[in-house]
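This report concerns only the one structure given below.
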Amino acid sequence: MLLSLIWIFTQLLLQIRGQTWHEFEGHCYTILSVKNNFDTCKYSCQQYGAYILELEAELELQFVRTLIDGSTDQYWVGLDFNNSTQKFYWDRDGQEPLSSMWMTSEPNLSGRCVRLATEAQAGTSSGANTFLLGDHYCTSSYRVICEKNVDMMEAVNYREIITSAANRCPMVTYPTRSKLHCARNCSKNKFCIGFQYNDRTQACTPYRFTTSCATPQISPLSMYIMEYARC
């Protein structure tokens, strides 16, 4: 009886906690188990405050492959088809995917949606087991990888770190995303994004740290770090 109650409690706890999220360079990823058509999968990701996977760089694709390595499933990605140009573009930033991300002879416009699949699954001549992009019918049923940015996570703290531009160099450690860096004193269980507040304009904007500290400064300003809970 006790073991049964423990099992029930554990299952409820897992449901409350929801999906398992994986972190990579300031983004969070989760894989939904249910297969559905593209539109349904897109809606499912939105229920988690996320969007369908968008691959901005080759390194991101390599990371995603580690999550699905050995899988026999295929996964929708967030590419939209433009009838005017007859090309696919990422839904959020409007950019084309890197040509190296496509399978051989893809896109061939056999469908108006795109999934991540191995060339063996797609039946290409190479028959390789590397996950790449290939277009397909939007009504097909595949799994989906949902993604959300660090700034979609809950903010857990907002604190001033320096009040003068002269001290910004020692803070720079490693990039959390292309143009932003994390403060050296941020804890390991939080994401960090830098902000600058301009007293004259009363505006708070993301601050683009550079390793050379060559970024122009507007004075007077205060430097802030917004901390976010990890995935």
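Residue names in the structure tokens use chain letters A, B, ... in the order shown, residue numbers from 1 in each chain, and ligand numbers from 1 in the order shown.
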So that I can see what lies close to range 80-93 of chain A, please list as a ChimeraX atom specification the residues with an atom at most 7 Å from it, counting only C-alpha atoms and leaving out residues fewer than 6 positions away in the same chain. /A:54,112-113
May I have the selected residues written with N, CA and C atoms, as an mmCIF file, in the first residue's frame?
data_model
loop_
_atom_site.group_PDB
_atom_site.id
_atom_site.type_symbol
_atom_site.label_atom_id
_atom_site.label_comp_id
_atom_site.auth_asym_id
_atom_site.auth_seq_id
_atom_site.Cartn_x
_atom_site.Cartn_y
_atom_site.Cartn_z
ATOM 1 N N GLU A 54 14.057 25.864 -33.827
ATOM 2 C CA GLU A 54 14.658 26.609 -34.927
ATOM 3 C C GLU A 54 16.179 26.515 -34.795
ATOM 4 N N ARG A 112 5.117 21.172 -47.619
ATOM 5 C CA ARG A 112 5.247 22.576 -47.227
ATOM 6 C C ARG A 112 5.652 22.744 -45.765
ATOM 7 N N CYS A 113 6.019 21.653 -45.116
ATOM 8 C CA CYS A 113 6.569 21.689 -43.761
ATOM 9 C C CYS A 113 7.882 20.919 -43.770
#
List the neighbours of Ser33 in chain A out to 12 Å using only C-alpha atoms; skip same-chain residues closer than 4 positions along the sequence, and give me the result as a CSV table (one decimal) with C-alpha atoms, in the first residue's frame.
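File selection31.csv, as written:
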chain,number,residue,atom,x,y,z
A,19,GLN,CA,8.7,18.1,-19.3
A,20,THR,CA,12.4,17.6,-18.9
A,41,CYS,CA,2.7,20.2,-32.6
A,44,SER,CA,1.6,21.9,-28.2
A,45,CYS,CA,4.9,23.8,-27.9
A,68,ILE,CA,17.8,12.3,-30.4
A,71,SER,CA,16.0,7.6,-32.2
A,73,ASP,CA,11.4,9.0,-34.8
A,74,GLN,CA,11.3,12.2,-36.9
A,75,TYR,CA,10.8,15.7,-35.5
A,141,SER,CA,2.5,12.7,-37.8
A,142,TYR,CA,5.9,13.3,-36.2
A,143,ARG,CA,7.3,14.2,-32.8
A,144,VAL,CA,8.4,17.7,-32.0
A,145,ILE,CA,11.3,19.4,-30.2
A,146,CYS,CA,10.1,22.6,-28.4
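Residues lying within 10 Å of Ala50 in chain A, counting only C-alpha atoms and ignoring same-chain neighbours fewer than 2 positions away, are A:Cys28, A:Tyr29, A:Thr30, A:Lys42, A:Tyr43, A:Ser44, A:Cys45, A:Gln46, A:Gln47, A:Tyr48, A:Ile52, A:Leu53, A:Ile145, A:Cys146, A:Glu147, A:Lys148, A:Asn149, A:Met152.
Minimum distance to His27 in chain A across A:Val64, A:Leu98, A:Val77, A:Leu132 (counting only C-alpha atoms) occurs at A:Val64.
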